[in-house]
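Data file: entry.txt. Format and content: compact mmCIF, C-alpha atoms.
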```txt
# COMPACT_ATOMS: atom_id res chain seq x y z
CA MET A 118 46.29 114.18 86.77
CA ALA A 119 43.98 115.87 89.26
CA GLU A 120 44.26 114.96 92.91
CA GLN A 121 42.09 112.00 93.82
CA LYS A 122 40.20 111.42 97.02
CA ALA A 123 40.14 107.84 98.26
CA THR A 124 38.63 107.12 101.65
CA ASN A 125 39.91 110.09 103.65
CA ILE A 126 43.37 110.34 102.18
CA THR A 127 44.48 112.50 99.29
CA TRP A 128 46.65 110.65 96.82
CA HIS A 129 48.95 112.68 94.69
CA GLU A 130 50.92 112.27 91.50
CA GLY A 131 54.36 112.19 93.14
CA SER A 132 55.91 108.78 93.48
CA VAL A 133 56.85 107.25 96.80
CA THR A 134 60.44 108.31 97.36
CA ARG A 135 63.51 106.33 98.27
CA GLU A 136 63.50 108.16 101.60
CA GLU A 137 59.96 107.00 102.34
CA ARG A 138 60.86 103.39 101.58
CA GLN A 139 63.97 103.70 103.73
CA LYS A 140 61.88 105.09 106.56
CA LEU A 141 59.46 102.16 106.26
CA LEU A 142 62.36 99.71 106.53
CA ASN A 143 64.34 101.82 108.99
CA GLN A 144 67.57 101.47 107.07
CA LYS A 145 69.36 102.94 104.07
CA GLY A 146 69.45 101.30 100.67
CA VAL A 147 72.93 100.31 99.55
CA THR A 148 74.76 97.94 97.25
CA VAL A 149 77.27 95.80 99.14
CA TRP A 150 79.50 94.54 96.35
CA MET A 151 81.79 91.66 97.26
CA THR A 152 84.63 90.84 94.91
CA GLY A 153 87.30 88.19 95.18
CA LEU A 154 88.73 84.96 93.80
CA SER A 155 86.68 81.81 93.56
CA ALA A 156 86.82 80.00 96.95
CA ALA A 157 87.52 83.25 98.83
CA GLY A 158 84.27 82.73 100.70
CA LYS A 159 82.06 85.42 99.15
CA SER A 160 78.83 83.39 99.08
CA THR A 161 79.31 81.95 102.55
CA ILE A 162 79.97 85.39 103.99
CA ALA A 163 77.00 86.84 102.08
CA VAL A 164 74.67 84.17 103.50
CA ILE A 165 75.81 84.83 107.07
CA LEU A 166 75.62 88.61 106.59
CA GLU A 167 72.06 88.18 105.34
CA GLN A 168 71.18 86.18 108.48
CA MET A 169 72.77 88.78 110.75
CA LEU A 170 70.86 91.58 109.02
CA LEU A 171 67.57 89.70 109.26
CA HIS A 172 68.26 89.07 112.93
CA LYS A 173 68.47 92.86 113.35
CA GLY A 174 65.21 93.30 111.48
CA LYS A 175 66.93 94.63 108.38
CA HIS A 176 65.90 93.79 104.84
CA ALA A 177 68.63 92.44 102.59
CA TYR A 178 68.64 90.55 99.34
CA ARG A 179 71.47 88.52 97.90
CA LEU A 180 72.24 88.49 94.21
CA ASP A 181 74.39 85.51 93.31
CA GLY A 182 74.99 83.00 90.56
CA ASP A 183 71.97 80.95 91.59
CA ASN A 184 69.34 83.62 91.12
CA ILE A 185 71.06 85.64 88.38
CA ARG A 186 72.77 83.22 86.02
CA HIS A 187 69.66 81.02 85.76
CA GLY A 188 67.31 83.96 85.43
CA LEU A 189 68.06 87.50 84.30
CA ASN A 190 71.44 86.62 82.82
CA LYS A 191 70.72 83.18 81.43
CA ASN A 192 71.18 84.52 77.90
CA LEU A 193 74.79 85.53 78.63
CA GLY A 194 77.84 83.36 78.06
CA PHE A 195 81.44 83.82 79.12
CA SER A 196 82.90 85.94 76.34
CA ALA A 197 84.61 89.15 77.48
CA GLU A 198 81.58 91.12 76.29
CA ASP A 199 79.09 88.87 78.06
CA ARG A 200 81.07 88.87 81.31
CA SER A 201 81.04 92.64 81.23
CA GLU A 202 77.28 92.75 80.50
CA ASN A 203 76.74 90.23 83.31
CA ILE A 204 78.33 92.60 85.82
CA ARG A 205 76.55 95.63 84.36
CA ARG A 206 73.12 94.02 84.76
CA ILE A 207 73.88 92.85 88.29
CA GLY A 208 74.94 96.38 89.14
CA GLU A 209 71.70 97.78 87.72
CA VAL A 210 69.55 95.30 89.63
CA ALA A 211 71.44 95.94 92.88
CA LYS A 212 70.88 99.66 92.31
CA LEU A 213 67.14 99.06 92.00
CA PHE A 214 67.14 97.11 95.28
CA ALA A 215 69.10 99.89 96.97
CA ASP A 216 66.62 102.41 95.56
CA ALA A 217 63.87 100.25 97.05
CA GLY A 218 65.59 100.76 100.43
CA SER A 219 67.02 97.26 100.64
CA ILE A 220 70.58 96.15 101.28
CA ALA A 221 71.64 94.41 98.08
CA VAL A 222 74.48 91.98 98.68
CA THR A 223 76.26 90.71 95.58
CA SER A 224 78.79 87.89 95.57
CA PHE A 225 80.42 87.55 92.19
CA ILE A 226 84.10 87.18 91.38
CA SER A 227 83.81 90.36 89.23
CA PRO A 228 87.49 90.22 88.33
CA TYR A 229 87.83 93.30 86.15
CA LYS A 230 88.38 96.69 87.68
CA LYS A 231 86.76 98.49 84.77
CA ASP A 232 83.48 96.59 85.20
CA ARG A 233 83.37 97.25 88.95
CA GLU A 234 84.28 100.89 88.47
CA ALA A 235 81.47 101.26 85.93
CA VAL A 236 79.02 99.93 88.52
CA ARG A 237 80.42 102.30 91.14
CA ALA A 238 80.19 105.25 88.77
CA ASN A 239 76.52 104.41 88.19
CA ASN A 240 75.78 104.94 91.90
CA LYS A 241 75.89 107.99 94.14
CA PRO A 242 78.74 108.14 96.68
CA GLY A 243 77.85 106.08 99.73
CA GLU A 244 75.30 103.98 97.88
CA PHE A 245 77.90 101.51 96.62
CA VAL A 246 80.23 99.74 99.04
CA GLU A 247 82.98 97.59 97.53
CA ILE A 248 84.30 94.82 99.73
CA TYR A 249 87.41 92.94 98.75
CA ILE A 250 87.07 89.37 99.99
CA LYS A 251 90.76 88.67 100.00
CA ILE A 252 92.58 85.39 99.69
CA SER A 253 95.91 84.48 98.11
CA LEU A 254 95.79 82.34 94.99
CA GLU A 255 97.66 79.68 96.96
CA GLY A 256 95.05 79.81 99.71
CA ALA A 257 92.21 79.60 97.20
CA GLU A 258 93.79 76.63 95.44
CA LYS A 259 94.29 74.89 98.75
CA ARG A 260 90.55 75.25 99.57
CA ASP A 261 89.21 74.56 96.07
CA PRO A 262 85.91 73.15 97.41
CA LYS A 263 84.50 72.47 93.93
CA GLY A 264 87.76 71.31 92.33
CA LEU A 265 87.61 74.20 89.89
CA TYR A 266 91.22 75.29 90.30
CA LYS A 267 92.39 71.71 89.79
CA LYS A 268 90.32 71.51 86.64
CA ALA A 269 91.63 74.85 85.41
CA ARG A 270 95.25 73.80 86.05
CA ALA A 271 94.67 70.54 84.16
CA ALA A 272 93.03 72.39 81.25
CA LEU A 273 95.95 74.80 81.11
CA ALA A 274 98.47 71.94 81.21
CA SER A 275 96.68 70.23 78.31
CA GLY A 276 97.04 73.44 76.31
CA LYS A 277 93.32 74.23 76.15
CA GLY A 278 92.78 76.65 78.99
CA MET A 279 89.47 77.64 80.61
CA GLY A 280 89.95 81.37 81.10
CA PHE A 281 89.64 80.71 84.83
CA THR A 282 90.18 83.69 87.09
CA GLY A 283 93.55 83.54 88.84
CA ILE A 284 94.86 80.74 86.59
CA ASP A 285 94.60 81.88 82.99
CA ASP A 286 92.48 84.99 83.37
CA PRO A 287 93.45 87.95 85.56
CA TYR A 288 91.90 88.97 88.86
CA GLU A 289 92.31 92.68 89.28
CA ALA A 290 92.21 93.39 93.00
CA PRO A 291 90.44 96.61 94.04
CA GLU A 292 92.80 99.49 94.80
CA SER A 293 90.62 101.38 97.22
CA PRO A 294 87.67 99.27 98.31
CA GLU A 295 85.60 100.47 101.24
CA LEU A 296 86.63 97.34 103.15
CA VAL A 297 89.16 94.53 102.85
CA ILE A 298 88.30 91.21 104.47
CA ASP A 299 91.23 88.85 104.87
CA THR A 300 89.60 85.45 104.75
CA GLU A 301 92.81 83.66 105.58
CA SER A 302 92.76 85.08 109.09
CA LEU A 303 89.01 85.47 109.70
CA THR A 304 86.21 82.91 109.79
CA PRO A 305 83.20 83.56 107.56
CA ALA A 306 81.17 84.69 110.60
CA GLN A 307 83.93 87.08 111.67
CA SER A 308 84.10 88.39 108.11
CA ALA A 309 80.34 88.98 108.03
CA GLU A 310 80.58 90.72 111.41
CA GLN A 311 83.17 93.13 110.05
CA ILE A 312 80.88 94.02 107.17
CA LEU A 313 77.94 94.40 109.54
CA ALA A 314 80.03 96.70 111.73
CA TYR A 315 80.95 98.75 108.67
CA LEU A 316 77.28 99.13 107.75
CA GLU A 317 76.32 99.99 111.30
CA LYS A 318 79.06 102.60 111.63
CA GLY A 319 78.18 104.05 108.24
CA GLY A 320 74.59 104.65 109.37
CA TYR A 321 73.06 102.21 106.90
CA LEU A 322 71.10 100.33 109.55
CA LYS A 323 68.86 103.26 110.38
CA ALA A 324 66.77 105.49 108.13
CA MET B 3 81.36 75.08 106.15
CA ALA B 4 81.27 74.38 109.87
CA GLU B 5 78.79 76.24 112.01
CA GLN B 6 80.17 79.51 113.29
CA LYS B 7 79.58 81.11 116.64
CA ALA B 8 79.21 84.87 116.57
CA THR B 9 78.23 86.63 119.76
CA ASN B 10 75.65 84.21 121.15
CA ILE B 11 73.97 83.25 117.91
CA THR B 12 74.75 80.27 115.74
CA TRP B 13 74.91 81.15 112.07
CA HIS B 14 74.33 78.40 109.60
CA GLU B 15 74.94 77.74 105.93
CA GLY B 16 71.30 77.90 104.86
CA SER B 17 70.23 81.11 103.18
CA VAL B 18 67.55 83.35 104.55
CA THR B 19 64.35 82.14 102.92
CA ARG B 20 61.64 83.97 101.06
CA GLU B 21 59.31 83.11 103.95
CA GLU B 22 61.63 84.78 106.46
CA ARG B 23 61.80 87.94 104.35
CA GLN B 24 58.03 87.91 103.98
CA LYS B 25 57.65 87.55 107.72
CA LEU B 26 59.97 90.51 108.29
CA LEU B 27 57.86 92.65 105.95
CA ASN B 28 54.54 91.09 107.02
CA GLN B 29 53.37 90.60 103.45
CA LYS B 30 53.79 88.18 100.55
CA GLY B 31 56.06 88.81 97.62
CA VAL B 32 54.26 89.12 94.32
CA THR B 33 54.59 90.59 90.85
CA VAL B 34 51.70 92.89 90.01
CA TRP B 35 51.91 93.12 86.24
CA MET B 36 49.89 95.90 84.63
CA THR B 37 49.33 95.77 80.91
CA GLY B 38 47.38 98.10 78.67
CA LEU B 39 47.51 100.69 75.90
CA SER B 40 49.52 103.86 76.19
CA ALA B 41 47.41 106.49 78.04
CA ALA B 42 45.33 103.81 79.81
CA GLY B 43 46.67 105.14 83.10
CA LYS B 44 49.08 102.36 84.14
CA SER B 45 51.76 104.63 85.61
CA THR B 46 49.31 106.89 87.39
CA ILE B 47 47.55 103.90 88.94
CA ALA B 48 50.89 102.31 89.88
CA VAL B 49 52.02 105.49 91.66
CA ILE B 50 48.79 105.69 93.67
CA LEU B 51 48.85 101.97 94.46
CA GLU B 52 52.39 102.39 95.75
CA GLN B 53 51.26 105.24 98.02
CA MET B 54 48.33 103.22 99.31
CA LEU B 55 50.61 100.25 100.07
CA LEU B 56 53.15 102.45 101.84
CA HIS B 57 50.32 103.97 103.87
CA LYS B 58 49.50 100.45 105.05
CA GLY B 59 53.15 99.84 105.94
CA LYS B 60 53.69 97.56 102.96
CA HIS B 61 56.83 97.50 100.86
CA ALA B 62 56.36 97.92 97.13
CA TYR B 63 58.62 98.86 94.29
CA ARG B 64 57.61 100.13 90.89
CA LEU B 65 59.41 99.09 87.75
CA ASP B 66 58.67 101.47 84.92
CA GLY B 67 60.22 103.07 81.88
CA ASP B 68 62.06 105.62 84.01
CA ASN B 69 64.08 103.20 86.08
CA ILE B 70 64.34 100.36 83.55
CA ARG B 71 64.81 101.87 80.11
CA HIS B 72 67.55 104.21 81.35
CA GLY B 73 69.26 101.54 83.41
CA LEU B 74 69.06 97.78 83.06
CA ASN B 75 67.53 97.88 79.58
CA LYS B 76 69.34 100.87 78.14
CA ASN B 77 71.11 98.60 75.66
CA LEU B 78 67.81 97.48 74.14
CA GLY B 79 66.06 99.09 71.19
CA PHE B 80 62.62 98.58 69.74
CA SER B 81 63.07 95.64 67.39
CA ALA B 82 60.72 92.70 67.96
CA GLU B 83 63.59 90.81 69.61
CA ASP B 84 64.56 93.69 71.87
CA ARG B 85 60.96 94.35 72.93
CA SER B 86 60.67 90.73 73.91
CA GLU B 87 63.98 90.81 75.83
CA ASN B 88 62.83 94.04 77.51
CA ILE B 89 59.77 92.28 78.93
CA ARG B 90 61.77 89.16 79.84
CA ARG B 91 64.28 91.16 81.89
CA ILE B 92 61.54 93.15 83.62
CA GLY B 93 59.83 89.88 84.50
CA GLU B 94 63.07 88.48 85.93
CA VAL B 95 63.72 91.60 88.03
CA ALA B 96 60.13 91.67 89.31
CA LYS B 97 60.53 88.01 90.26
CA LEU B 98 63.64 88.88 92.29
CA PHE B 99 61.72 91.63 94.11
CA ALA B 100 58.86 89.22 94.81
CA ASP B 101 61.40 86.68 96.08
CA ALA B 102 62.75 89.41 98.33
CA GLY B 103 59.22 89.66 99.78
CA SER B 104 58.35 92.92 98.08
CA ILE B 105 55.34 93.80 95.94
CA ALA B 106 56.79 94.51 92.49
CA VAL B 107 54.48 96.72 90.44
CA THR B 108 55.26 96.92 86.74
CA SER B 109 53.62 99.37 84.35
CA PHE B 110 54.59 98.62 80.78
CA ILE B 111 52.34 98.37 77.72
CA SER B 112 53.65 94.79 77.24
CA PRO B 113 51.43 94.31 74.18
CA TYR B 114 52.29 90.73 73.23
CA LYS B 115 50.52 87.84 74.89
CA LYS B 116 53.46 85.49 74.34
CA ASP B 117 55.85 87.76 76.24
CA ARG B 118 53.46 88.15 79.17
CA GLU B 119 52.71 84.44 79.21
CA ALA B 120 56.45 83.70 79.32
CA VAL B 121 56.76 85.90 82.40
CA ARG B 122 53.79 84.21 84.01
CA ALA B 123 55.20 80.76 83.24
CA ASN B 124 58.43 81.78 84.97
CA ASN B 125 56.55 82.33 88.24
CA LYS B 126 54.71 80.01 90.59
CA PRO B 127 50.91 80.27 90.63
CA GLY B 128 49.84 83.16 92.85
CA GLU B 129 53.17 84.92 92.58
CA PHE B 130 52.24 86.68 89.34
CA VAL B 131 49.10 88.80 89.10
CA GLU B 132 48.21 90.17 85.67
CA ILE B 133 46.07 93.29 85.65
CA TYR B 134 44.53 94.51 82.43
CA ILE B 135 44.34 98.29 82.56
CA LYS B 136 41.61 98.59 80.01
CA ILE B 137 40.72 101.47 77.73
CA SER B 138 39.31 101.57 74.21
CA LEU B 139 41.63 102.80 71.49
CA GLU B 140 39.21 105.69 70.98
CA GLY B 141 39.41 106.56 74.68
CA ALA B 142 43.20 106.39 74.63
CA GLU B 143 43.42 108.60 71.54
CA LYS B 144 41.08 111.10 73.16
CA ARG B 145 43.34 111.34 76.23
CA ASP B 146 46.68 111.22 74.40
CA PRO B 147 48.49 113.25 77.11
CA LYS B 148 51.85 113.09 75.35
CA GLY B 149 50.53 113.47 71.81
CA LEU B 150 51.92 110.06 70.91
CA TYR B 151 48.82 108.76 69.17
CA LYS B 152 48.60 111.94 67.11
CA LYS B 153 52.23 111.49 66.12
CA ALA B 154 51.68 107.82 65.28
CA ARG B 155 48.62 108.64 63.15
CA ALA B 156 50.59 111.32 61.28
CA ALA B 157 53.52 108.95 60.75
CA LEU B 158 51.15 106.30 59.40
CA ALA B 159 49.47 108.79 57.08
CA SER B 160 52.85 109.86 55.72
CA GLY B 161 53.56 106.22 54.89
CA LYS B 162 56.40 105.79 57.38
CA GLY B 163 54.77 104.28 60.45
CA MET B 164 56.14 104.10 64.00
CA GLY B 165 55.11 100.62 65.04
CA PHE B 166 53.00 102.26 67.73
CA THR B 167 50.85 99.95 69.82
CA GLY B 168 47.18 100.24 68.86
CA ILE B 169 47.90 102.17 65.66
CA ASP B 170 50.30 100.15 63.55
CA ASP B 171 51.37 97.49 66.01
CA PRO B 172 48.95 95.14 67.75
CA TYR B 173 47.88 95.21 71.39
CA GLU B 174 46.91 91.71 72.43
CA ALA B 175 44.53 92.04 75.35
CA PRO B 176 44.88 89.40 78.09
CA GLU B 177 42.31 86.62 77.90
CA SER B 178 42.22 85.68 81.54
CA PRO B 179 43.97 88.29 83.65
CA GLU B 180 43.52 88.15 87.41
CA LEU B 181 41.84 91.56 87.28
CA VAL B 182 40.39 93.91 84.67
CA ILE B 183 40.33 97.60 85.49
CA ASP B 184 38.08 99.67 83.25
CA THR B 185 39.74 103.07 83.31
CA GLU B 186 36.92 104.67 81.36
CA SER B 187 34.59 104.26 84.28
CA LEU B 188 37.00 104.43 87.22
CA THR B 189 39.32 107.19 88.41
CA PRO B 190 42.98 106.29 88.93
CA ALA B 191 42.45 106.23 92.71
CA GLN B 192 39.42 103.95 92.35
CA SER B 193 41.46 101.72 90.04
CA ALA B 194 44.31 101.51 92.57
CA GLU B 195 41.78 100.74 95.31
CA GLN B 196 40.45 97.79 93.33
CA ILE B 197 43.95 96.40 92.97
CA LEU B 198 44.62 96.97 96.66
CA ALA B 199 41.39 95.15 97.51
CA TYR B 200 42.46 92.24 95.28
CA LEU B 201 45.81 92.02 97.08
CA GLU B 202 44.16 92.25 100.48
CA LYS B 203 41.61 89.56 99.65
CA GLY B 204 44.33 87.35 98.18
CA GLY B 205 46.25 87.44 101.45
CA TYR B 206 49.24 89.29 100.01
CA LEU B 207 49.20 91.99 102.67
CA LYS B 208 50.10 89.66 105.50
CA ALA B 209 52.89 87.11 105.83
```

Rewrite the structure from the file as C-alpha cells, please.
Amino acid sequence: MAEQKATNITWHEGSVTREERQKLLNQKGVTVWMTGLSAAGKSTIAVILEQMLLHKGKHAYRLDGDNIRHGLNKNLGFSAEDRSENIRRIGEVAKLFADAGSIAVTSFISPYKKDREAVRANNKPGEFVEIYIKISLEGAEKRDPKGLYKKARAALASGKGMGFTGIDDPYEAPESPELVIDTESLTPAQSAEQILAYLEKGGYLKA
Amino acid sequence: MAEQKATNITWHEGSVTREERQKLLNQKGVTVWMTGLSAAGKSTIAVILEQMLLHKGKHAYRLDGDNIRHGLNKNLGFSAEDRSENIRRIGEVAKLFADAGSIAVTSFISPYKKDREAVRANNKPGEFVEIYIKISLEGAEKRDPKGLYKKARAALASGKGMGFTGIDDPYEAPESPELVIDTESLTPAQSAEQILAYLEKGGYLKA
C-alpha cells in the first residue's frame, strides 16, 4: 500500500503499537490473574481494585464468570477438557486487553497449575501477574456465602459428588505467584490496596 | 460485603460501569465490524482508522487474523461449524472491548449473513456498526495481492476447490449495513475517513 495523505497527516501501513496505546492510557498493559478457592474473595477484591484504578485514571477491565461464562465461553461445560479450554480462552482474551494497554483483571478459581502455567507461558515476562488469593479450606467453608461448599459436602456424602474445588476436586496452589494475598487477615479493600501497590511499584501505572 | 474504608475513599460493592470507563476514555464503546471480500482492503482501512483514532486521543483495538487466529481461535479450522464459531468468538471479544469503552475494529471476511446477524443480535442497538467494505469480485481478483484468488481459481479448475469466498464459497453482502465503503472509488485513507466521520457524527468520539 502506498502512503496516503489525509488532511495534513500522512498515514502509514504500520499498525498502532502496544507502546502507543500504553502512552495514550499512561499505563502498561498487563494481565492480573487472581486464583484461589471459591469464597476467597477474588471477585470482591477485583471490583475494589477496578474502582481504585479508575480513581487513579487507569483503565482496567474485569473478566469474570458474569461476562465470560454467559458470552465467549457459554458453549463450554465442566468436563476436564472444557475447564481447561475455559482458562485458555480467558488467558487469550486477557492478553488481548493487555496488548490494548489495559489492565485485565481476571477472577476465576483456575484450580489447575498446568492451565495457569500455560497462560503464563503465553505471555512475555512481566505481562502476566499471578496473584494467589489465599484462604484455608476451613475459612472458605465458614464463609460459604452461596452455600456451595455445603451443597458439595452433601453431594459427596450422598455418593454423587460435584467435582467441587477443595471438596472433591483439587485446588493446586501456585508455587511462586507474584503476590500472595492472605484474605483471612486482610479486608477486601486492604487486599486490593496490596495489589495496587504491587502494580504501582512494578511501574504498570505509568507508560 | 460491608463497605470498606481505604485511605479516605469509600469503596463499594458495585462494579465500575461501562459509563464510567467511557467517561475515563471520553468516547463510547462500540464494535466496528468490517465485512467484505478478500482484497477489499479491510485490514488496510482498519490500520489507518486506528491511527486516525489514536491521533484524536481515542482508544481503539483491532481484532484481525493475526491476533485471533494464532491465539483465541487457534483451535478452530475451516469447517462450516468452525467458521461460524470463529465469528461468534470474535463478536464476543469485540463486545467485551466495547463494554470496556474501547472502539473494537474487526476486519474479517465474515461472509455469512447469519453469523454477522447473530453478532449484531448479541449487541444493543448502536453498539454494533456493520461496515460493508465493498469491491466487485472482478476488482478483488485484479488486486489479488496475495495470489489467493489465482490459487482458488486453479484449485477449482483442477476439480479440488478451496472453498474460497467469492470463488467457490458464497459472500453474502449485507443488506442494511450502517455504512457502505466503495473501495473501487475511494483510497484506503478516504475510506477510513468516512468511517471516522460516521463515528464522529454518531457521537462515539465523546463520552

What are the closest atom pairs, with distances in Å to one decimal, for each residue of chain B lying within 6 Å of chain A, using only C-alpha atoms, rows by chain and rising residue number, as CSV?
```
residue,atom,partner,partner_atom,distance
B:Gln6,CA,A:Ala306,CA,5.9
B:Ser17,CA,A:Val164,CA,5.4
B:Val49,CA,A:Ser132,CA,5.4
B:Leu74,CA,A:Glu209,CA,5.4
B:Arg91,CA,A:Leu189,CA,5.8
B:Glu94,CA,A:Leu189,CA,5.3
B:Ala191,CA,A:Gln121,CA,5.9
```

Interatomic distance (Å, one decimal) between CA of Phe110 in chain B and CA of Asp68 in chain B: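 Pair CA of Phe110 in chain B / CA of Asp68 in chain B returns 10.7 Å.
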
Minimum-distance residue to Ile226 in chain A, chosen among A:Gln311, A:Asn240, A:Asn203, A:Thr148 (using all atoms listed in the file): A:Asn203

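Separating CA of Arg71 in chain B from CA of Arg85 in chain B is a distance of 11.1 Å.
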
Contacts of Pro291 in chain A within 12 Å, all atoms listed in the file, excl. fewer than 6 positions in-chain, as an NGL selection string: :A and (150-154 or 226-234 or 237 or 246-251 or 297-298)
